[in-house]
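**Student:** mmCIF, C-alpha atoms, file entry.cif:
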data_target
loop_
_atom_site.label_atom_id
_atom_site.label_comp_id
_atom_site.auth_asym_id
_atom_site.auth_seq_id
_atom_site.Cartn_x
_atom_site.Cartn_y
_atom_site.Cartn_z
CA MET A 90 137.29 84.00 130.04
CA THR A 91 138.31 81.13 132.31
CA ALA A 92 134.81 79.65 132.41
CA SER A 93 134.57 79.40 128.63
CA ARG A 94 138.08 78.13 128.27
CA SER A 95 136.99 75.08 130.24
CA LEU A 96 134.83 74.24 127.19
CA LEU A 97 137.87 74.28 124.89
CA SER A 98 140.92 72.05 124.55
CA GLU A 99 144.42 73.46 124.94
CA THR A 100 144.95 72.76 121.24
CA ASP A 101 141.92 74.90 120.32
CA VAL A 102 143.19 77.77 122.43
CA ALA A 103 146.68 77.47 120.93
CA ARG A 104 145.25 77.53 117.43
CA LEU A 105 143.24 80.65 118.19
CA VAL A 106 145.94 82.57 120.01
CA ARG A 107 149.27 81.40 118.67
CA SER A 108 148.83 80.11 115.12
CA ASP A 109 150.08 82.31 112.30
CA ASN A 110 148.14 80.25 109.79
CA ALA A 111 144.77 81.78 108.89
CA ASP A 112 143.40 78.41 107.79
CA ASP A 113 144.19 76.93 111.21
CA ARG A 114 142.55 79.86 112.99
CA ALA A 115 139.47 79.62 110.76
CA VAL A 116 139.07 75.90 111.54
CA ALA A 117 139.53 76.57 115.24
CA THR A 118 137.06 79.46 115.07
CA HIS A 119 134.40 77.20 113.56
CA LYS A 120 134.98 74.51 116.19
CA VAL A 121 135.03 76.94 119.10
CA CYS A 122 131.94 78.82 117.97
CA ARG A 123 130.02 75.61 117.32
CA LEU A 124 130.99 74.30 120.76
CA MET A 125 129.94 77.50 122.52
CA GLU A 126 126.71 77.78 120.53
CA ARG A 127 125.64 74.23 121.37
CA SER A 128 126.58 74.33 125.06
CA GLU A 129 124.27 75.35 127.87
CA LEU A 130 126.09 78.37 129.25
CA SER A 131 125.60 80.12 132.54
CA GLU A 132 125.36 83.91 132.47
CA VAL A 133 129.05 84.15 133.36
CA GLU A 134 130.04 81.63 130.69
CA ARG A 135 127.85 83.33 128.10
CA ALA A 136 129.47 86.69 128.78
CA ALA A 137 132.92 85.11 128.54
CA ALA A 138 131.97 83.34 125.29
CA GLN A 139 130.85 86.63 123.78
CA GLU A 140 134.19 88.18 124.70
CA ILE A 141 135.90 85.40 122.74
CA ILE A 142 133.57 86.14 119.81
CA ARG A 143 134.53 89.82 119.95
CA LEU A 144 138.22 88.87 119.77
CA LEU A 145 137.57 86.61 116.79
CA ALA A 146 135.69 89.39 115.02
CA ASP A 147 138.86 91.52 115.29
CA ASP A 148 141.00 88.92 113.51
CA ALA A 149 142.88 90.42 110.57
CA ALA A 150 142.20 87.41 108.38
CA GLU A 151 138.98 87.59 106.35
CA LEU A 152 138.77 83.80 106.40
CA VAL A 153 138.55 83.78 110.21
CA ARG A 154 135.83 86.45 110.29
CA LYS A 155 133.93 84.60 107.57
CA SER A 156 134.15 81.38 109.58
CA LEU A 157 132.75 83.26 112.57
CA ALA A 158 129.91 84.81 110.54
CA VAL A 159 128.90 81.55 108.88
CA THR A 160 129.03 79.49 112.07
CA LEU A 161 127.01 81.94 114.18
CA ARG A 162 124.74 83.28 111.44
CA THR A 163 121.58 81.89 113.10
CA SER A 164 122.75 82.04 116.72
CA SER A 165 121.49 84.40 119.40
CA LEU A 166 124.91 84.06 121.04
CA LEU A 167 126.34 86.53 118.52
CA PRO A 168 126.58 89.89 120.35
CA HIS A 169 124.55 92.69 118.81
CA ASP A 170 127.58 94.96 118.49
CA VAL A 171 129.52 92.21 116.69
CA ALA A 172 126.64 91.58 114.31
CA LEU A 173 126.62 95.25 113.37
CA ARG A 174 130.40 95.21 112.92
CA LEU A 175 130.22 92.13 110.69
CA SER A 176 127.41 93.69 108.63
CA ARG A 177 129.86 96.45 107.65
CA ASP A 178 132.66 93.98 106.84
CA VAL A 179 133.50 92.70 103.35
CA GLN A 180 130.60 91.07 101.54
CA ALA A 181 131.71 87.49 102.20
CA VAL A 182 131.54 88.20 105.93
CA ALA A 183 128.48 90.46 105.94
CA VAL A 184 126.08 88.45 103.81
CA PRO A 185 125.67 85.39 106.11
CA VAL A 186 124.73 87.45 109.16
CA LEU A 187 122.53 89.87 107.21
CA SER A 188 120.62 86.98 105.67
CA TYR A 189 119.99 85.05 108.87
CA SER A 190 121.05 86.63 112.18
CA PRO A 191 118.17 87.04 114.66
CA VAL A 192 120.01 89.67 116.72
CA PHE A 193 119.35 92.56 114.33
CA THR A 194 116.42 94.84 115.09
CA ASP A 195 114.08 96.02 112.35
CA GLU A 196 115.62 99.47 112.70
CA ASP A 197 119.11 97.99 112.22
CA LEU A 198 118.03 96.31 109.02
CA ALA A 199 116.29 99.43 107.72
CA ASP A 200 119.45 101.48 108.34
CA ILE A 201 121.56 98.86 106.55
CA ILE A 202 119.18 98.95 103.56
CA ARG A 203 119.44 102.73 103.37
CA SER A 204 123.24 102.82 103.48
CA GLY A 205 124.53 99.35 102.67
CA GLY A 206 124.39 99.02 98.90
CA PRO A 207 122.84 96.39 96.59
CA VAL A 208 124.55 93.24 97.93
CA ARG A 209 123.59 93.99 101.53
CA GLN A 210 120.07 94.98 100.48
CA MET A 211 119.61 91.66 98.70
CA ALA A 212 120.99 89.78 101.72
CA VAL A 213 118.41 91.43 103.99
CA ALA A 214 115.66 90.80 101.43
CA ARG A 215 116.41 87.05 101.59
CA ARG A 216 115.59 86.82 105.30
CA GLU A 217 112.82 84.37 106.14
CA THR A 218 110.46 87.06 107.43
CA LEU A 219 110.43 90.80 106.89
CA SER A 220 108.41 93.36 108.83
CA GLU A 221 106.71 96.42 107.36
CA THR A 222 109.58 98.59 108.67
CA VAL A 223 112.09 96.58 106.65
CA THR A 224 109.99 96.21 103.48
CA THR A 225 109.21 99.93 103.47
CA ALA A 226 112.93 100.70 103.58
CA LEU A 227 113.46 98.25 100.71
CA ALA A 228 110.57 99.73 98.75
CA GLU A 229 111.95 103.26 99.11
CA HIS A 230 115.72 102.64 98.89
CA GLY A 231 116.36 99.11 97.62
CA VAL A 232 117.59 98.20 94.16
CA GLU A 233 115.13 96.37 91.92
CA GLU A 234 116.71 92.96 92.56
CA ALA A 235 116.31 93.35 96.33
CA VAL A 236 112.71 94.52 95.99
CA VAL A 237 111.84 91.58 93.74
CA ILE A 238 113.37 89.12 96.24
CA ALA A 239 111.27 90.61 99.04
CA CYS A 240 108.09 90.63 96.95
CA ALA A 241 108.63 86.96 96.14
CA ASN A 242 108.55 86.16 99.87
CA ASN A 243 105.00 85.71 101.16
CA GLN A 244 106.38 86.14 104.70
CA ALA A 245 107.44 89.69 103.82
CA VAL A 246 104.75 92.05 105.09
CA PHE A 247 104.22 95.21 103.03
CA SER A 248 102.26 98.25 104.12
CA SER A 249 100.04 99.98 101.57
CA ALA A 250 102.55 102.83 101.38
CA GLY A 251 105.39 100.37 100.87
CA MET A 252 103.63 98.58 98.03
CA ASP A 253 102.74 101.92 96.44
CA ALA A 254 106.44 102.85 96.52
CA VAL A 255 107.33 99.52 94.89
CA LEU A 256 104.90 100.14 92.04
CA GLU A 257 105.95 103.76 91.64
CA ARG A 258 109.64 102.86 91.33
CA PHE A 259 109.55 99.53 89.51
CA GLY A 260 105.99 99.09 88.26
CA GLU A 261 107.13 98.90 84.63
CA SER A 262 109.42 95.95 85.36
CA GLU A 263 107.92 92.73 83.99
CA VAL A 264 110.01 90.74 86.48
CA LEU A 265 108.41 92.63 89.36
CA GLN A 266 104.95 92.41 87.81
CA ASN A 267 105.27 88.65 87.49
CA THR A 268 106.53 88.38 91.08
CA LEU A 269 103.62 90.40 92.46
CA ILE A 270 101.10 88.39 90.47
CA ASN A 271 102.43 85.21 92.07
CA ARG A 272 102.14 86.47 95.64
CA GLN A 273 99.52 84.60 97.66
CA HIS A 274 97.55 87.76 98.35
CA LEU A 275 97.43 91.21 96.79
CA PRO A 276 95.51 94.22 98.15
CA VAL A 277 92.75 95.24 95.79
CA SER A 278 94.46 98.59 95.17
CA VAL A 279 97.57 96.79 93.92
CA THR A 280 95.52 94.42 91.76
CA GLU A 281 93.72 97.36 90.20
CA LYS A 282 96.99 99.17 89.44
CA LEU A 283 98.72 96.07 88.11
CA ILE A 284 96.06 95.26 85.57
CA HIS A 285 96.71 98.65 83.96
CA MET A 286 100.43 97.93 83.71
CA VAL A 287 100.96 94.32 82.75
CA SER A 288 101.39 92.68 79.36
CA GLN A 289 98.72 90.42 77.91
CA SER A 290 100.49 87.24 79.06
CA LEU A 291 100.84 88.54 82.60
CA LYS A 292 97.27 89.85 82.53
CA GLU A 293 96.14 86.27 81.92
CA GLN A 294 98.07 85.15 85.01
CA LEU A 295 96.54 87.97 87.05
CA VAL A 296 93.09 86.98 85.86
CA SER A 297 93.55 83.32 86.76
CA ARG A 298 95.44 83.75 90.03
CA HIS A 299 93.46 86.59 91.61
CA ALA A 300 89.95 85.67 90.45
CA ILE A 301 89.49 88.49 87.99
CA GLN A 302 87.25 87.59 85.07
CA PRO A 303 88.83 87.95 81.60
CA GLU A 304 86.11 90.38 80.54
CA THR A 305 87.09 92.61 83.47
CA ALA A 306 90.70 92.73 82.29
CA VAL A 307 89.50 93.60 78.78
CA GLN A 308 87.26 96.34 80.13
CA ILE A 309 90.13 97.93 81.98
CA THR A 310 92.40 97.67 78.96
CA GLU A 311 89.75 99.43 76.90
CA ALA A 312 89.59 102.21 79.52
CA THR A 313 86.07 101.41 80.77
CA GLN A 314 87.64 101.91 84.15
CA GLU A 315 84.62 102.49 86.36
CA ARG A 316 82.91 99.33 85.17
CA ALA A 317 86.04 97.28 85.68
CA THR A 318 86.68 98.66 89.14
CA LEU A 319 83.26 97.49 90.27
CA ASP A 320 83.86 94.06 88.78
CA VAL A 321 87.23 93.84 90.52
CA ALA A 322 85.42 94.71 93.75
CA ASP A 323 83.05 91.81 93.15
CA GLN A 324 85.47 89.19 91.91
CA THR A 325 88.39 89.70 94.28
CA GLY A 326 86.22 89.82 97.38
CA ALA A 327 87.14 93.47 97.85
CA SER A 328 83.82 94.00 99.56
CA ARG A 329 85.53 92.40 102.56
CA ASP A 330 87.59 95.58 102.79
CA PRO A 331 85.49 98.37 101.25
CA ALA A 332 87.37 100.99 103.27
CA ALA A 333 90.67 100.12 101.60
CA LEU A 334 89.15 100.19 98.11
CA ALA A 335 87.42 103.53 98.77
CA ARG A 336 90.59 105.07 100.21
CA HIS A 337 92.64 103.87 97.24
CA LEU A 338 90.21 105.27 94.68
CA VAL A 339 89.98 108.66 96.43
CA ILE A 340 93.77 108.96 96.65
CA ALA A 341 94.12 107.89 93.02
CA GLY A 342 91.54 110.50 91.95
CA ARG A 343 89.21 107.86 90.53
CA MET A 344 86.30 108.17 92.96
CA THR A 345 83.60 109.67 90.74
CA PRO A 346 79.88 110.23 91.38
CA SER A 347 79.13 107.79 88.56
CA LEU A 348 81.25 105.07 90.15
CA MET A 349 79.55 105.60 93.51
CA LEU A 350 76.07 105.49 91.97
CA ARG A 351 76.81 102.32 90.04
CA ALA A 352 78.21 100.67 93.16
CA LEU A 353 75.23 101.72 95.24
CA ALA A 354 72.75 100.54 92.61
CA ARG A 355 74.45 97.15 92.72
CA GLY A 356 74.03 96.94 96.48
CA HIS A 357 77.58 97.85 97.56
CA MET A 358 76.30 99.91 100.48
CA ALA A 359 79.43 99.52 102.64
CA PHE A 360 81.58 100.80 99.79
CA PHE A 361 79.22 103.76 99.31
CA GLU A 362 79.43 104.60 103.03
CA HIS A 363 83.23 104.48 103.04
CA ALA A 364 83.38 106.53 99.85
CA LEU A 365 81.28 109.25 101.50
CA ALA A 366 83.47 109.06 104.60
CA GLU A 367 86.68 109.44 102.58
CA LEU A 368 85.35 112.32 100.49
CA SER A 369 83.76 114.19 103.40
CA GLY A 370 86.41 113.58 106.04
CA VAL A 371 83.70 112.35 108.42
CA PRO A 372 84.46 109.15 110.41
CA HIS A 373 82.71 106.08 109.01
CA ASP A 374 80.56 105.45 112.11
CA ARG A 375 79.09 108.97 111.92
CA CYS A 376 78.71 108.66 108.18
CA TRP A 377 76.80 105.38 108.66
CA LEU A 378 74.36 107.11 111.01
CA MET A 379 73.76 109.96 108.57
CA VAL A 380 73.05 107.54 105.73
CA HIS A 381 70.88 105.06 107.64
CA ASP A 382 69.45 106.67 110.79
CA ALA A 383 69.11 110.41 110.18
CA GLY A 384 66.54 110.37 107.41
CA ALA A 385 66.77 112.33 104.17
CA LEU A 386 68.32 115.36 105.89
CA GLY A 387 71.23 113.33 107.22
CA LEU A 388 71.91 111.81 103.82
CA ARG A 389 71.72 115.24 102.20
CA ALA A 390 74.15 116.71 104.72
CA ILE A 391 76.83 114.06 104.24
CA TYR A 392 76.22 114.03 100.46
CA ASP A 393 76.82 117.78 100.21
CA ARG A 394 79.86 117.61 102.48
CA ALA A 395 81.35 114.96 100.21
CA GLY A 396 81.14 117.47 97.34
CA LEU A 397 78.87 115.36 95.14
CA PRO A 398 76.77 117.14 92.48
CA ALA A 399 73.45 118.52 93.73
CA ARG A 400 71.66 117.48 90.50
CA MET A 401 72.31 113.81 91.29
CA PHE A 402 71.12 113.80 94.91
CA GLN A 403 67.60 112.56 94.16
CA THR A 404 69.04 109.65 92.21
CA PHE A 405 71.30 108.68 95.11
CA ARG A 406 68.44 109.09 97.60
CA ILE A 407 66.25 106.69 95.59
CA ALA A 408 69.09 104.17 95.47
CA VAL A 409 69.54 104.35 99.26
CA ASP A 410 65.78 104.02 99.80
CA THR A 411 65.68 101.04 97.44
CA TYR A 412 68.45 99.34 99.38
CA HIS A 413 66.64 99.92 102.70
CA SER A 414 63.38 98.64 101.26
CA LEU A 415 64.93 95.40 100.02
CA ALA A 416 66.87 94.87 103.23
CA SER A 417 63.70 95.30 105.32
CA GLU A 418 61.93 92.68 103.22
CA ASN A 419 64.56 90.10 104.19
CA ALA A 420 65.33 89.65 100.54
CA ASP A 421 66.99 86.54 99.17
CA PRO A 422 70.35 86.15 100.96
CA ASP A 423 72.02 85.10 97.69
CA VAL A 424 74.12 88.13 96.86
CA MET A 425 73.79 87.89 93.10
CA ARG A 426 70.00 87.65 93.27
CA PHE A 427 69.90 90.54 95.76
CA GLN A 428 71.95 92.61 93.34
CA ALA A 429 69.63 91.74 90.47
CA ARG A 430 66.55 92.78 92.49
CA MET A 431 68.33 95.94 93.60
CA ILE A 432 69.14 96.95 90.04
CA GLU A 433 65.68 96.03 88.72
CA ARG A 434 63.87 98.05 91.37
CA PHE A 435 66.25 100.97 91.06
CA LEU A 436 65.83 101.10 87.27
CA THR A 437 62.03 101.19 87.54
CA GLN A 438 62.26 104.29 89.76
CA VAL A 439 65.11 106.28 88.21
CA PRO A 440 64.60 106.68 84.46
CA PHE A 441 66.36 110.05 84.69
CA ALA A 442 69.73 108.73 85.89
CA PRO A 443 72.73 109.51 83.64
CA ARG A 444 72.41 107.54 80.40
CA GLU A 445 75.86 105.92 80.73
CA ASP A 446 75.00 104.63 84.20
CA LEU A 447 71.67 103.22 83.07
CA ILE A 448 73.37 101.42 80.16
CA TYR A 449 75.95 99.98 82.51
CA LEU A 450 73.29 98.72 84.94
CA TYR A 451 71.18 97.16 82.17
CA GLU A 452 74.27 95.42 80.78
CA ARG A 453 75.26 94.23 84.26
CA LEU A 454 71.75 92.91 84.91
CA ASP A 455 71.78 91.03 81.59
CA ARG A 456 75.27 89.59 82.21
CA ASP A 457 74.37 88.43 85.72
CA ALA A 458 71.18 86.81 84.40
CA ARG A 459 73.16 84.93 81.75
CA GLY A 460 75.60 83.82 84.43
CA ARG A 461 72.78 82.40 86.54
CA ARG A 462 71.35 80.56 83.54
CA ARG A 463 74.74 78.94 82.99
CA GLY A 464 74.75 77.86 86.63
CA GLY A 465 77.67 80.10 87.50
CA LYS A 466 78.29 80.98 91.12
CA SER A 467 78.87 84.47 92.36
CA THR A 468 82.19 85.19 94.00
CA LEU A 469 80.74 88.19 95.79
CA GLN A 470 80.97 88.62 99.51
CA ALA A 471 78.07 90.35 101.22
CA ALA A 472 78.72 94.05 101.52
#
If you took the structure in this file and wrote it as structure tokens, what would it be?
**Tutor:**
Amino acid sequence: MTASRSLLSETDVARLVRSDNADDRAVATHKVCRLMERSELSEVERAAAQEIIRLLADDAAELVRKSLAVTLRTSSLLPHDVALRLSRDVQAVAVPVLSYSPVFTDEDLADIIRSGGPVRQMAVARRETLSETVTTALAEHGVEEAVVIACANNQAVFSSAGMDAVLERFGESEVLQNTLINRQHLPVSVTEKLIHMVSQSLKEQLVSRHAIQPETAVQITEATQERATLDVADQTGASRDPAALARHLVIAGRMTPSLMLRALARGHMAFFEHALAELSGVPHDRCWLMVHDAGALGLRAIYDRAGLPARMFQTFRIAVDTYHSLASENADPDVMRFQARMIERFLTQVPFAPREDLIYLYERLDRDARGRRRGGKSTLQAA
């Protein structure tokens, strides 16, 4: 400890070692820690400084330990073992290091969330950045307040499983709903679930913030779920990640033949491919080949493996052929016009499609045409 003592005055050392006054020791602790943290230390001096920190962490006075925690809350000089010890201390000592200290690992923080109680969970949730490991622990074990704090942080990264756990546990909370709506980005699966849960006032925020048209929100509310899901796919740019949307709908039990046919008839080929892949258990690259390169037999094989109804195969085959025909003609690159041509051509060839699907496609064609006449722009991304 000699090397580090050279950084301190005799008065500082006396205050630390000899003073019976906790206030004096707390002041000295702050000064000593600040001095050590700001100094360029050699390896020997750094080791000696960390020994001093360990001694300070053993001080019986809470005020001294709090001074240590606050002063070194953002410092990498704080030894890992001391950080863990302070995290188990009284709340006034634990909260500063849990909220800021860079020496914790993600696994440390996840363990603290699982066993630490609400105050410690909220302290961790306030950290500037949170990894998926930490947010998953919060989603599964955190109290609502801690989960809301994390969801309000756009630097907190949530996995799909983590966000599903959040919605499963606290999805009815209007505070959480409002927080999620105000995140910079929501996965399409979360957007689709939220719009079924939220109040009218929050639905309006969801509509405006995440590019969902009001009529789509109304459709979902009125339980015309398949129509609304396709519109969400259009308006939120979900076609950028058709695999995620397909996976979500299969897991949620909402991937129906009708939904797939409507999507395909509107030109969402990538979504159709991923839907087949999810239902059949065949990797997407092989599924793509069977749809596009293996002729009618390949499409029939993957169609049957996906468990889709045999009576509808001819309708799906015509939709796939229509898509290929338009694509080979180098059709208009404008996505909305491509969709309109796709629907028009499909409808002229498949008068025997299910009545509900035909009605939907006629309505969609009419709505898109009215949108073009008003000069509206499509928010679609090419599938």
**Student:** Do you know which residues are at most 9 Å from A:Thr224 counting only C-alpha atoms, after dropping those on the same chain fewer than 3 positions away, and could you put them as a list in words?
**Tutor:** Ala199, Ala214, Leu219, Ser220, Glu221, Leu227, Ala228, Glu229, Val236, Ala239, Cys240, Ala245, Val246, Phe247, Ser248, Gly251 and Met252 of chain A
**Student:** Please write the residues from the selection above to a file, keeping C-alpha atoms, as a PDB file, in the coordinates of the input.
**Tutor:**
ATOM      1  CA  ALA A 199     116.290  99.430 107.720  1.00  0.00           C
ATOM      2  CA  ALA A 214     115.660  90.800 101.430  1.00  0.00           C
ATOM      3  CA  LEU A 219     110.430  90.800 106.890  1.00  0.00           C
ATOM      4  CA  SER A 220     108.410  93.360 108.830  1.00  0.00           C
ATOM      5  CA  GLU A 221     106.710  96.420 107.360  1.00  0.00           C
ATOM      6  CA  LEU A 227     113.460  98.250 100.710  1.00  0.00           C
ATOM      7  CA  ALA A 228     110.570  99.730  98.750  1.00  0.00           C
ATOM      8  CA  GLU A 229     111.950 103.260  99.110  1.00  0.00           C
ATOM      9  CA  VAL A 236     112.710  94.520  95.990  1.00  0.00           C
ATOM     10  CA  ALA A 239     111.270  90.610  99.040  1.00  0.00           C
ATOM     11  CA  CYS A 240     108.090  90.630  96.950  1.00  0.00           C
ATOM     12  CA  ALA A 245     107.440  89.690 103.820  1.00  0.00           C
ATOM     13  CA  VAL A 246     104.750  92.050 105.090  1.00  0.00           C
ATOM     14  CA  PHE A 247     104.220  95.210 103.030  1.00  0.00           C
ATOM     15  CA  SER A 248     102.260  98.250 104.120  1.00  0.00           C
ATOM     16  CA  GLY A 251     105.390 100.370 100.870  1.00  0.00           C
ATOM     17  CA  MET A 252     103.630  98.580  98.030  1.00  0.00           C
TER      18      MET A 252
END
**Student:** For atom CA of A:Asp382 and atom CA of A:Glu367, quote the distance in Å rounded to one decimal.
**Tutor:**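 Between these atoms lies a distance of 19.3 Å.
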**Student:** Could you list the residues chosen by the PyMOL selection byres ((chain A and resi 356) around 9) in this structure as a list in words?
**Tutor:**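 Expected selection for the PyMOL selection byres ((chain A and resi 356) around 9) here is Arg351, Ala352, Leu353, Ala354, Arg355, His357, Met358, Ala359, Ala408, Tyr412, Val424, Phe427, Gln428, Met431, Ile432 and Ala472 of chain A.
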**Student:** Give the centre and edge lengths of an axis-aligned box, in Å to one decimal, that holds all listed atoms of stretch 409-413 of chain A with 8 Å on each side, as JSON.
**Tutor:**
{"center_x": 67.6, "center_y": 101.8, "center_z": 100.1, "size_x": 19.9, "size_y": 21.0, "size_z": 21.3}
**Student:** Could you check which of A:Met401, A:Leu198, A:Val409, A:Ala137 is closest to A:Met379, using only C-alpha atoms?
**Tutor:**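 Residue with the minimum atom-to-atom distance to A:Met379: A:Val409.
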**Student:** How would you write, as a PyMOL selection string, the residues chosen by the PyMOL selection byres ((chain A and resi 205-210) around 7) on this structure?
**Tutor:** chain A and resi 184+201-204+211-214+231-232+235
**Student:** What's around A:His169 at 6 Å? Count all atoms listed in the file, leave out sequence neighbours fewer than 2 positions away in its own chain, and write the answer as a ChimeraX atom specification.
**Tutor:** /A:171-172,192
**Student:** Residues at most 12 Å from stretch 147-151 of chain A, counting all atoms listed in the file, excluding those fewer than 2 positions away in the same chain, as a VMD selection string?
**Tutor:** chain A and resid 105 to 106 108 to 115 118 140 to 145 153 to 158 171 174 to 175 178 to 183
**Student:** List every protein, DNA or RNA residue with an atom no more than 12 Å from (111.5, 102.6, 88.9) in the file's coordinates, counting all atoms listed in the file, and format the result as a list in words.
**Tutor:**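 Every residue inside that radius is included here: Ala228, Glu229, His230, Gly231, Val232, Glu233, Glu234, Val236, Asp253, Ala254, Val255, Leu256, Glu257, Arg258, Phe259, Gly260, Glu261, Ser262, Glu263 and Leu265 of chain A.
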**Student:** With a distance cut-off of 12 Å and only C-alpha atoms, select the neighbouring residues of A:Leu388, excluding the residue or stretch itself and same-chain residues fewer than 6 positions from it, and output the selection as a PyMOL selection string.
**Tutor:** chain A and resi 361-362+365-366+375-382+394-395+397+402-403+405-410
**Student:** Calculate how many Å separate atom CA of A:Asp374 from atom CA of A:Glu281, rounding to one decimal.
**Tutor:**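 Calculated distance between atom CA of A:Asp374 and atom CA of A:Glu281 is 26.8 Å.
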**Student:** Choose the residue, out of A:Arg426, A:Lys282, A:His363, A:Arg135, that has the smallest atom-to-atom separation from A:Ala341; count only C-alpha atoms.
**Tutor:**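 For A:Ala341, the nearest of the candidates is A:Lys282.
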**Student:** Taking only C-alpha atoms into account, name the residue in A:Thr404, A:Thr222, A:Thr194, A:Ser176 that is nearest to A:Ala250.
**Tutor:**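 Closest to A:Ala250 of all the choices is A:Thr222.
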**Student:** Kindly output stretch 270-283 of chain A as a PDB file, in the frame of the given file, after building N, CA, C and O atoms.
**Tutor:**
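Produced file out.pdb, reproduced below:
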ATOM      1  N   ILE A 270     102.240  89.211  90.875  1.00  0.00           N
ATOM      2  CA  ILE A 270     101.100  88.390  90.470  1.00  0.00           C
ATOM      3  C   ILE A 270     101.113  87.045  91.185  1.00  0.00           C
ATOM      4  O   ILE A 270     100.071  86.479  91.519  1.00  0.00           O
ATOM      5  N   ASN A 271     102.312  86.521  91.456  1.00  0.00           N
ATOM      6  CA  ASN A 271     102.430  85.210  92.070  1.00  0.00           C
ATOM      7  C   ASN A 271     102.467  85.240  93.595  1.00  0.00           C
ATOM      8  O   ASN A 271     102.636  84.194  94.224  1.00  0.00           O
ATOM      9  N   ARG A 272     102.305  86.432  94.193  1.00  0.00           N
ATOM     10  CA  ARG A 272     102.140  86.470  95.640  1.00  0.00           C
ATOM     11  C   ARG A 272     100.815  85.821  96.019  1.00  0.00           C
ATOM     12  O   ARG A 272      99.852  85.833  95.244  1.00  0.00           O
ATOM     13  N   GLN A 273     100.748  85.280  97.234  1.00  0.00           N
ATOM     14  CA  GLN A 273      99.520  84.600  97.660  1.00  0.00           C
ATOM     15  C   GLN A 273      98.353  85.559  97.778  1.00  0.00           C
ATOM     16  O   GLN A 273      97.206  85.201  97.524  1.00  0.00           O
ATOM     17  N   HIS A 274      98.636  86.798  98.165  1.00  0.00           N
ATOM     18  CA  HIS A 274      97.550  87.760  98.350  1.00  0.00           C
ATOM     19  C   HIS A 274      98.024  89.138  97.909  1.00  0.00           C
ATOM     20  O   HIS A 274      99.148  89.538  98.189  1.00  0.00           O
ATOM     21  N   LEU A 275      97.155  89.837  97.189  1.00  0.00           N
ATOM     22  CA  LEU A 275      97.430  91.210  96.790  1.00  0.00           C
ATOM     23  C   LEU A 275      96.289  92.099  97.266  1.00  0.00           C
ATOM     24  O   LEU A 275      95.110  91.736  97.088  1.00  0.00           O
ATOM     25  N   PRO A 276      96.584  93.266  97.841  1.00  0.00           N
ATOM     26  CA  PRO A 276      95.510  94.220  98.150  1.00  0.00           C
ATOM     27  C   PRO A 276      94.791  94.610  96.863  1.00  0.00           C
ATOM     28  O   PRO A 276      95.392  94.640  95.780  1.00  0.00           O
ATOM     29  N   VAL A 277      93.521  94.910  96.977  1.00  0.00           N
ATOM     30  CA  VAL A 277      92.750  95.240  95.790  1.00  0.00           C
ATOM     31  C   VAL A 277      93.328  96.453  95.077  1.00  0.00           C
ATOM     32  O   VAL A 277      93.317  96.538  93.848  1.00  0.00           O
ATOM     33  N   SER A 278      93.887  97.405  95.814  1.00  0.00           N
ATOM     34  CA  SER A 278      94.460  98.590  95.170  1.00  0.00           C
ATOM     35  C   SER A 278      95.632  98.214  94.288  1.00  0.00           C
ATOM     36  O   SER A 278      95.825  98.777  93.208  1.00  0.00           O
ATOM     37  N   VAL A 279      96.421  97.238  94.720  1.00  0.00           N
ATOM     38  CA  VAL A 279      97.570  96.790  93.920  1.00  0.00           C
ATOM     39  C   VAL A 279      97.081  96.021  92.697  1.00  0.00           C
ATOM     40  O   VAL A 279      97.591  96.198  91.589  1.00  0.00           O
ATOM     41  N   THR A 280      96.083  95.163  92.889  1.00  0.00           N
ATOM     42  CA  THR A 280      95.520  94.420  91.760  1.00  0.00           C
ATOM     43  C   THR A 280      95.006  95.371  90.698  1.00  0.00           C
ATOM     44  O   THR A 280      95.252  95.194  89.505  1.00  0.00           O
ATOM     45  N   GLU A 281      94.303  96.414  91.144  1.00  0.00           N
ATOM     46  CA  GLU A 281      93.720  97.360  90.200  1.00  0.00           C
ATOM     47  C   GLU A 281      94.811  98.106  89.443  1.00  0.00           C
ATOM     48  O   GLU A 281      94.709  98.329  88.242  1.00  0.00           O
ATOM     49  N   LYS A 282      95.886  98.481  90.128  1.00  0.00           N
ATOM     50  CA  LYS A 282      96.990  99.170  89.440  1.00  0.00           C
ATOM     51  C   LYS A 282      97.720  98.243  88.481  1.00  0.00           C
ATOM     52  O   LYS A 282      98.078  98.631  87.369  1.00  0.00           O
ATOM     53  N   LEU A 283      97.944  97.015  88.926  1.00  0.00           N
ATOM     54  CA  LEU A 283      98.720  96.070  88.110  1.00  0.00           C
ATOM     55  C   LEU A 283      98.047  95.789  86.775  1.00  0.00           C
ATOM     56  O   LEU A 283      98.711  95.685  85.744  1.00  0.00           O
TER      57      LEU A 283
END
